[in-house]
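Heads up: the structure comes next, in structure tokens.
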Amino acid sequence: MSAYWLEIIVLLGGLVLLLAEAFLAPKQKHHLASSAIFILVFTLLCLFFAKPFSVGNEEMTRFYAWDSSAKFFKGFTLIATILTLLLALDYRRILSKFTANPDSEDGTGEYYCLFLFACAGMMWMASAKDLVSLFVALELTTITSYILVGFMRRNVGSLEAGVKFLILGALSTGFLVYGISWIYGATGTTDLALIGEKINADNSTYLLFGLSLILISLAFKVGAVPMHLWVPDVYQGAPTPTTAFLSIASKASGFVIALRVIEPFITDPLIGSKVIFILAVLAGATILLGNLAAIPQKNFKRLLAYSSIANAGFILLPIAAWDTGNDLSSTQVVAFYLAIYLITTFAAFFILAVIHRQSGSDDITAFEGLGKRHPALASMTAVIIAALAGLPLTAGFWGKFLAFKMAVTAGLWIPVILGFVGVAAGFYYYFQIIRAMYWRSSLNESPLQVRPLSFWVIVTLSALTLILGIWPQPVYWLIGG
């Protein structure tokens with residue numbers, strides 16, 4: 001099976017489920033989520049048997065890359081979407097409350113189908129090797145994300161988040177198109193493989209300006225400075241499964257694009273040092289702003305939003321320290337970090353969904369007394385929080401360690417110093433959640449009920465966090481290290 005059939009399967013599956021939604025009874029809409037999960041699991045299995053294009057298919061290879069990086073990030077996107085749909089199944093009562101009648105799931109079916117379209121776009125982004133195909137795939141994902149953010153039409157916060165996301169998203173698209181235009185005007189091509197060959201002293205300034213515009217657009221996609229302003233409000237207002245999807249899958253796809261777009265520029269002797277300087281500034285500023293702004297947050301969703309900004313900065317460190325010759329390349333370190341980030345962050349969102357369902361609140365105060373109300377859930381939450389902070393013997397430590405190691409090797413000392421400041425701040429704001437669980441009492445001391453689906457997902461992700469913290473070798477195998 002040719003590799004491009006992976007995207008076709010997901011896209012056709014989304015269309016079929018969208019048509020089926022019109023004929024399902026309101027109480028059967030959740031079957032669409034189960035069917036979508038089946039389609040994604042089937043596609044994930046097909047990923048292991050997909051092959052490169054046959055000889056004579058040069059036009060397809062012109063736009064579509066099939067390499068180890070593409071394979072990893074396609075699998076990453078599929079797993080992230082599966083976990084998002086599992087979270088959506090557990091979230092469907094709240095979703096129905098703000099989309100249709102509280103006792104009916106009518107109007108929620110499209111929500112599950114939209115994730116398949118976004119997933120298809122992100123999978124194509126992992127293989128995009130031309131600025132045109134990259135733009136088309138990005139827009140498929142972005143337009144779908146607009147709908148997912150504002151899907152709860154009876155919730156003011158969701159509608160407000162959707163409007164903000166739409167306005168800033170349209171602005172970032174303008175930057176992207178303008179940047180592509182500059183690069184095409186300077187080189188006469190949109191093929192990323194040829195752009196590097198056409199860089200010279202005459203067009204280097206124009207190309208650097210075009211790349212800067214594209215980087216501004218990609219900063220919006222990954223939630224990095226200076227296009228980070230949408231992140232806290234959108235993360236707080238959007239449905240929790242959408243927030244998780246944007247925080248993990250969307251961020252990963254943004255970094256995939258960044259790696260492919262930046263490579264021909266950062267390896268060029270004429271403008272490579274300038275590109276490194278720009279990325280180092282973005283990394284340092286993003287780490288510092290994200291971590292310091294998270295300190296006063298009292299809402300767990302907003303705290304995760306600023307944490308997401310900070311993590312974007314940490315992921316930018318190995319990109320700024322571009323390296324392809326040592327044990328791990330920059331692309332592999334980014335892939336490693338994102339794999340760990342997927343495990344820990346999804347666990348945090350599943351925990352948040354459980355707390356919100358019991359208390360109706362996303363505030364940190366909702367975690368008070370959790371150590372007594374559900375000791376097992378509190379213990380797993382402590383593990384996940386420690387991993388997000390980067391504590392040793394958890395998986396989160398290795399992601400930050402590799403990012404810092406590569407930055408130190410490249411001599412990026414200022415971003416590294418800012419990174420240590422950010423890590424110190426992270427310990428403070430993350431551990432206020434542990435303090436709320438164990439050192440504060442809740443007005444409601446009745447035992448907390450956790451649904452089996454959420455409980456076993458949290459158990460699995462928490463176990464992986466501990467296992468990979470002690471033995472990270474499975475992730476190295478996945479990234480080819």
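Following the order of the structure tokens, chains are lettered A, B, ..., residues in each are numbered from 1, and ligands are numbered from 1.
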Tyr206 (chain A) environment, 9 Å, only C-alpha atoms, sequence neighbours closer than 4 positions dropped, as a PyMOL selection string = chain A and resi 182-183+185-186+202+210-211
Near Thr365 (chain A), counting only C-alpha atoms, which residues have an atom at most 10 Å away, once you skip same-chain residues fewer than 4 positions from it, shown as a list in words?
->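 Surrounding residues, per the criterion: Lys298, Asn299, Phe300, Ser359, Ser361, Gly369, Gln432, Ile433, Ala436, Met437, Arg440, Ser441 and Ser442 of chain A.
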List every residue of region 212-379 of chain A that DSSP, applied to the backbone, labels as alpha helix (DSSP H), and write the result as a ChimeraX atom specification.
-> /A:212-222,230-237,240-245,251-266,272-294,300-320,330-359,370-373,375-379
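Put simply, CA of Ile214 (chain A) is 20.6 Å away from CA of Ser308 (chain A).
Every protein or nucleic acid residue with an atom no more than 8 Å from region 67-73 of chain A, counting only C-alpha atoms and leaving out same-chain residues fewer than 4 positions away, appears here: Leu47, Thr77, Met123, Ala126, Ser127, Ala252, Ser253, Val256, Thr331, Ala335, Leu478, Ile479 and Gly480 of chain A.
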Write the residues of the preceding selection, restricted to N, CA and C atoms, as a PDB file, in the first residue's frame.
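Ended up saving to part.pdb:
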```pdb
ATOM      1  N   LEU A  47       0.082   1.831   8.867  1.00  0.00           N
ATOM      2  CA  LEU A  47       1.311   2.619   8.836  1.00  0.00           C
ATOM      3  C   LEU A  47       2.556   1.722   8.791  1.00  0.00           C
ATOM      4  N   THR A  77       0.467  11.555  15.397  1.00  0.00           N
ATOM      5  CA  THR A  77      -0.820  12.223  15.169  1.00  0.00           C
ATOM      6  C   THR A  77      -1.984  11.256  15.345  1.00  0.00           C
ATOM      7  N   MET A 123      -1.398  14.662   9.255  1.00  0.00           N
ATOM      8  CA  MET A 123      -0.604  13.578   8.689  1.00  0.00           C
ATOM      9  C   MET A 123       0.040  14.006   7.370  1.00  0.00           C
ATOM     10  N   ALA A 126       3.090  16.108   7.949  1.00  0.00           N
ATOM     11  CA  ALA A 126       4.294  15.368   8.317  1.00  0.00           C
ATOM     12  C   ALA A 126       5.103  14.956   7.098  1.00  0.00           C
ATOM     13  N   SER A 127       4.438  14.893   5.937  1.00  0.00           N
ATOM     14  CA  SER A 127       5.130  14.490   4.704  1.00  0.00           C
ATOM     15  C   SER A 127       5.307  15.627   3.714  1.00  0.00           C
ATOM     16  N   ALA A 252       2.582  19.547  17.661  1.00  0.00           N
ATOM     17  CA  ALA A 252       3.525  18.645  16.999  1.00  0.00           C
ATOM     18  C   ALA A 252       3.563  18.891  15.496  1.00  0.00           C
ATOM     19  N   SER A 253       2.394  19.064  14.882  1.00  0.00           N
ATOM     20  CA  SER A 253       2.368  19.312  13.437  1.00  0.00           C
ATOM     21  C   SER A 253       3.045  20.631  13.095  1.00  0.00           C
ATOM     22  N   VAL A 256       6.698  19.948  13.052  1.00  0.00           N
ATOM     23  CA  VAL A 256       7.064  19.183  11.855  1.00  0.00           C
ATOM     24  C   VAL A 256       7.298  20.135  10.689  1.00  0.00           C
ATOM     25  N   THR A 331      16.019  16.873  14.893  1.00  0.00           N
ATOM     26  CA  THR A 331      14.700  16.310  14.600  1.00  0.00           C
ATOM     27  C   THR A 331      14.352  15.191  15.573  1.00  0.00           C
ATOM     28  N   ALA A 335      11.353  15.033  18.321  1.00  0.00           N
ATOM     29  CA  ALA A 335      10.418  13.903  18.328  1.00  0.00           C
ATOM     30  C   ALA A 335      10.367  13.253  19.706  1.00  0.00           C
ATOM     31  N   LEU A 478      11.784   4.235  18.841  1.00  0.00           N
ATOM     32  CA  LEU A 478      10.770   4.799  17.960  1.00  0.00           C
ATOM     33  C   LEU A 478      11.318   5.916  17.075  1.00  0.00           C
ATOM     34  N   ILE A 479      12.206   6.727  17.605  1.00  0.00           N
ATOM     35  CA  ILE A 479      12.746   7.856  16.837  1.00  0.00           C
ATOM     36  C   ILE A 479      13.990   7.468  16.055  1.00  0.00           C
ATOM     37  N   GLY A 480      14.402   6.202  16.161  1.00  0.00           N
ATOM     38  CA  GLY A 480      15.555   5.747  15.399  1.00  0.00           C
ATOM     39  C   GLY A 480      16.876   6.118  16.006  1.00  0.00           C
TER      40      GLY A 480
END
```
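Among A:Leu159, A:Cys46, A:Ile147, A:Val450, the residue with the shortest atom-to-atom distance to Arg357 (chain A), counting only C-alpha atoms, is A:Val450.
Minimum atom-to-atom distances from A:Pro232, A:Gly419, A:Pro226, A:Gly179 to Leu213 (chain A) were compared using only C-alpha atoms, and the lowest value belongs to A:Gly179.
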Do a neighbour search on Thr61 (chain A) at 12 Å with only C-alpha atoms, toss out local chain neighbours closer than 6 positions, and write the hits as a ChimeraX atom specification.
-> /A:2-4,52-55,67,127-130,133,191,193
Now that the selection is made, can you save its residues with N, CA and C atoms as a PDB file, in the first residue's frame?
```pdb
ATOM      1  N   SER A   2       0.626   2.138  -0.935  1.00  0.00           N
ATOM      2  CA  SER A   2       1.393   3.384  -1.001  1.00  0.00           C
ATOM      3  C   SER A   2       1.080   4.264   0.198  1.00  0.00           C
ATOM      4  N   ALA A   3       2.071   5.041   0.621  1.00  0.00           N
ATOM      5  CA  ALA A   3       1.962   5.789   1.869  1.00  0.00           C
ATOM      6  C   ALA A   3       0.797   6.772   1.878  1.00  0.00           C
ATOM      7  N   TYR A   4       0.511   7.406   0.720  1.00  0.00           N
ATOM      8  CA  TYR A   4      -0.520   8.437   0.719  1.00  0.00           C
ATOM      9  C   TYR A   4      -1.923   7.880   0.991  1.00  0.00           C
ATOM     10  N   PRO A  52       7.044   3.246   0.136  1.00  0.00           N
ATOM     11  CA  PRO A  52       7.281   4.442  -0.685  1.00  0.00           C
ATOM     12  C   PRO A  52       6.599   4.296  -2.038  1.00  0.00           C
ATOM     13  N   PHE A  53       6.608   5.372  -2.794  1.00  0.00           N
ATOM     14  CA  PHE A  53       5.951   5.366  -4.100  1.00  0.00           C
ATOM     15  C   PHE A  53       6.743   4.534  -5.096  1.00  0.00           C
ATOM     16  N   SER A  54       6.033   3.984  -6.044  1.00  0.00           N
ATOM     17  CA  SER A  54       6.675   3.202  -7.082  1.00  0.00           C
ATOM     18  C   SER A  54       7.397   4.109  -8.072  1.00  0.00           C
ATOM     19  N   VAL A  55       8.304   3.536  -8.817  1.00  0.00           N
ATOM     20  CA  VAL A  55       9.048   4.291  -9.823  1.00  0.00           C
ATOM     21  C   VAL A  55       8.074   4.818 -10.876  1.00  0.00           C
ATOM     22  N   ASP A  67       9.794   9.347   4.916  1.00  0.00           N
ATOM     23  CA  ASP A  67      11.036   9.045   5.604  1.00  0.00           C
ATOM     24  C   ASP A  67      10.715   8.703   7.058  1.00  0.00           C
ATOM     25  N   SER A 127       4.438  14.893   5.937  1.00  0.00           N
ATOM     26  CA  SER A 127       5.130  14.490   4.704  1.00  0.00           C
ATOM     27  C   SER A 127       5.307  15.627   3.714  1.00  0.00           C
ATOM     28  N   ALA A 128       4.795  16.799   4.017  1.00  0.00           N
ATOM     29  CA  ALA A 128       4.850  17.910   3.062  1.00  0.00           C
ATOM     30  C   ALA A 128       6.293  18.347   2.831  1.00  0.00           C
ATOM     31  N   LYS A 129       6.707  18.397   1.588  1.00  0.00           N
ATOM     32  CA  LYS A 129       8.054  18.849   1.251  1.00  0.00           C
ATOM     33  C   LYS A 129       8.026  19.975   0.227  1.00  0.00           C
ATOM     34  N   ASP A 130       6.865  20.569   0.067  1.00  0.00           N
ATOM     35  CA  ASP A 130       6.694  21.712  -0.816  1.00  0.00           C
ATOM     36  C   ASP A 130       5.812  22.725  -0.089  1.00  0.00           C
ATOM     37  N   SER A 133       1.918  22.339  -0.858  1.00  0.00           N
ATOM     38  CA  SER A 133       1.233  21.237  -0.181  1.00  0.00           C
ATOM     39  C   SER A 133       1.198  21.466   1.330  1.00  0.00           C
ATOM     40  N   ASP A 191       9.635  24.275  -3.899  1.00  0.00           N
ATOM     41  CA  ASP A 191      10.169  22.977  -3.480  1.00  0.00           C
ATOM     42  C   ASP A 191      11.263  23.198  -2.436  1.00  0.00           C
ATOM     43  N   ALA A 193      13.394  21.248  -1.235  1.00  0.00           N
ATOM     44  CA  ALA A 193      14.662  20.609  -1.581  1.00  0.00           C
ATOM     45  C   ALA A 193      15.491  21.479  -2.523  1.00  0.00           C
TER      46      ALA A 193
END
```
Could you give me, as a VMD selection string, the residues within 8 Å of region 114-121 of chain A, counting only C-alpha atoms and dropping anything in the same chain fewer than 4 positions from it?
-> chain A and resid 7 to 8 10 to 11 13 to 14 36 77 to 78 81 85 110 125 137 to 142 144 to 145 148
Got a sec to tell me which of region 51-246 of chain A DSSP assigns to strand (DSSP E or B), as JSON, numbers by chain?
-> {"A": [51, 64, 128, 130, 191]}
Produce a file of the selected residues containing C-alpha atoms, as a tab-separated table (two decimals), in the first residue's frame.
```
chain	number	residue	atom	x	y	z
A	51	LYS	CA	5.60	1.62	1.27
A	64	TYR	CA	5.18	14.05	-0.47
A	128	ALA	CA	4.85	17.91	3.06
A	130	ASP	CA	6.69	21.71	-0.82
A	191	ASP	CA	10.17	22.98	-3.48
```
Minimum-distance residue to Ala161 (chain A), chosen among A:Gln358, A:Thr205, A:Thr242, A:Thr84 (using only C-alpha atoms) | A:Thr242
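Closest approach to Tyr91 (chain A) among A:Phe397, A:Tyr306, A:Phe350, A:Phe265 is made by A:Phe350 (distances from only C-alpha atoms).
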Wanna dump the region 370-478 of chain A-region 271-281 of chain A contacts at 12 Å for me, each residue with its shortest atom pair and the distance in Å to one decimal, counting only C-alpha atoms, ordered by chain and number, as CSV?
```
residue,atom,partner,partner_atom,distance
A:Ala407,CA,A:Ala280,CA,9.3
A:Ala410,CA,A:Ile276,CA,10.2
A:Gly411,CA,A:Ala280,CA,10.7
A:Leu412,CA,A:Ala280,CA,7.2
A:Trp413,CA,A:Ala280,CA,9.6
A:Ile414,CA,A:Ala280,CA,8.4
A:Pro415,CA,A:Ala280,CA,6.3
A:Val416,CA,A:Ala280,CA,9.5
A:Ile417,CA,A:Ala280,CA,11.8
A:Leu418,CA,A:Val281,CA,10.5
A:Gly419,CA,A:Ala280,CA,11.2
```
Residue subset to file, keeping N, CA and C atoms, as a PDB file, in the first residue's frame:
```pdb
ATOM      1  N   ALA A 407      21.466  22.262  23.410  1.00  0.00           N
ATOM      2  CA  ALA A 407      21.677  23.709  23.435  1.00  0.00           C
ATOM      3  C   ALA A 407      23.039  24.058  24.038  1.00  0.00           C
ATOM      4  N   ALA A 410      25.796  23.422  21.574  1.00  0.00           N
ATOM      5  CA  ALA A 410      25.840  24.455  20.538  1.00  0.00           C
ATOM      6  C   ALA A 410      26.266  25.815  21.083  1.00  0.00           C
ATOM      7  N   GLY A 411      26.419  25.927  22.405  1.00  0.00           N
ATOM      8  CA  GLY A 411      26.856  27.188  22.993  1.00  0.00           C
ATOM      9  C   GLY A 411      25.776  28.252  23.084  1.00  0.00           C
ATOM     10  N   LEU A 412      24.530  27.845  23.154  1.00  0.00           N
ATOM     11  CA  LEU A 412      23.423  28.807  23.285  1.00  0.00           C
ATOM     12  C   LEU A 412      23.201  29.110  24.764  1.00  0.00           C
ATOM     13  N   TRP A 413      24.110  29.842  25.351  1.00  0.00           N
ATOM     14  CA  TRP A 413      24.115  29.981  26.808  1.00  0.00           C
ATOM     15  C   TRP A 413      22.979  30.839  27.348  1.00  0.00           C
ATOM     16  N   ILE A 414      22.638  31.906  26.660  1.00  0.00           N
ATOM     17  CA  ILE A 414      21.558  32.767  27.166  1.00  0.00           C
ATOM     18  C   ILE A 414      20.223  32.028  27.179  1.00  0.00           C
ATOM     19  N   PRO A 415      19.819  31.362  26.076  1.00  0.00           N
ATOM     20  CA  PRO A 415      18.583  30.567  26.155  1.00  0.00           C
ATOM     21  C   PRO A 415      18.650  29.467  27.206  1.00  0.00           C
ATOM     22  N   VAL A 416      19.839  28.880  27.409  1.00  0.00           N
ATOM     23  CA  VAL A 416      19.980  27.829  28.421  1.00  0.00           C
ATOM     24  C   VAL A 416      19.749  28.395  29.822  1.00  0.00           C
ATOM     25  N   ILE A 417      20.338  29.567  30.103  1.00  0.00           N
ATOM     26  CA  ILE A 417      20.140  30.208  31.413  1.00  0.00           C
ATOM     27  C   ILE A 417      18.669  30.537  31.629  1.00  0.00           C
ATOM     28  N   LEU A 418      18.039  31.089  30.585  1.00  0.00           N
ATOM     29  CA  LEU A 418      16.610  31.385  30.684  1.00  0.00           C
ATOM     30  C   LEU A 418      15.804  30.097  30.876  1.00  0.00           C
ATOM     31  N   GLY A 419      16.285  29.015  30.276  1.00  0.00           N
ATOM     32  CA  GLY A 419      15.617  27.732  30.435  1.00  0.00           C
ATOM     33  C   GLY A 419      15.669  27.231  31.873  1.00  0.00           C
TER      34      GLY A 419
END
```
Report as a compact mmCIF listing (two decimals) with N, CA and C atoms, in the first residue's frame all protein, DNA and RNA residues lying within 10 Å of Leu166 (chain A), evaluated on only C-alpha atoms, omitting residues in the same chain fewer than 3 positions from it.
```txt
# COMPACT_ATOMS: atom_id res chain seq x y z
N THR A 142 -6.29 23.88 10.23
CA THR A 142 -6.63 25.12 10.91
C THR A 142 -8.12 25.43 10.84
N ILE A 143 -8.72 25.29 9.66
CA ILE A 143 -10.15 25.58 9.50
C ILE A 143 -10.98 24.62 10.36
N SER A 145 -9.95 23.26 13.09
CA SER A 145 -9.72 23.65 14.49
C SER A 145 -10.60 24.83 14.90
N TYR A 146 -10.86 25.75 13.97
CA TYR A 146 -11.76 26.87 14.29
C TYR A 146 -13.11 26.35 14.76
N ILE A 147 -13.63 25.34 14.06
CA ILE A 147 -14.95 24.80 14.40
C ILE A 147 -14.89 24.07 15.74
N VAL A 149 -12.94 24.55 18.28
CA VAL A 149 -12.79 25.47 19.41
C VAL A 149 -14.12 26.09 19.80
N GLY A 150 -14.88 26.54 18.82
CA GLY A 150 -16.16 27.21 19.11
C GLY A 150 -17.36 26.30 19.03
N GLU A 160 -16.32 32.83 22.48
CA GLU A 160 -15.28 33.86 22.55
C GLU A 160 -13.92 33.30 22.11
N ALA A 161 -13.62 32.09 22.57
CA ALA A 161 -12.36 31.45 22.18
C ALA A 161 -12.32 31.22 20.67
N GLY A 162 -13.46 30.79 20.10
CA GLY A 162 -13.52 30.56 18.66
C GLY A 162 -13.26 31.81 17.85
N VAL A 163 -13.84 32.94 18.28
CA VAL A 163 -13.65 34.20 17.57
C VAL A 163 -12.19 34.65 17.64
N GLY A 169 -5.81 33.39 13.80
CA GLY A 169 -5.45 32.36 12.82
C GLY A 169 -5.43 32.93 11.41
N ALA A 170 -6.41 33.76 11.08
CA ALA A 170 -6.43 34.40 9.76
C ALA A 170 -5.22 35.31 9.58
N LEU A 171 -4.84 36.02 10.65
CA LEU A 171 -3.66 36.88 10.59
C LEU A 171 -2.40 36.06 10.33
N SER A 172 -2.27 34.94 11.04
CA SER A 172 -1.08 34.10 10.85
C SER A 172 -1.04 33.49 9.46
N TRP A 230 -3.17 34.10 21.94
CA TRP A 230 -4.44 33.37 21.85
C TRP A 230 -4.50 32.17 22.77
```
Using only C-alpha atoms: which of A:Phe63, A:Phe431, A:Trp398, A:Phe151 has the shortest distance to Thr243 (chain A) | A:Phe151
Got a sec: who's within 8 Å of region 18-26 of chain A, counting only C-alpha atoms, leaving out chain neighbours fewer than 5 positions off, as number ranges by chain?
-> A: 32, 104-107, 109-110, 113
Nearest to Ile384 (chain A), chosen from A:Leu370, A:Glu263, A:Trp439, A:Thr344, with only C-alpha atoms counted in the distances | A:Thr344
Go ahead and compute the interatomic distance for CA of Val177 (chain A) and CA of Phe209 (chain A), in Å to one decimal.
->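 According to the coordinates, CA of Val177 (chain A) and CA of Phe209 (chain A) are separated by 12.8 Å.
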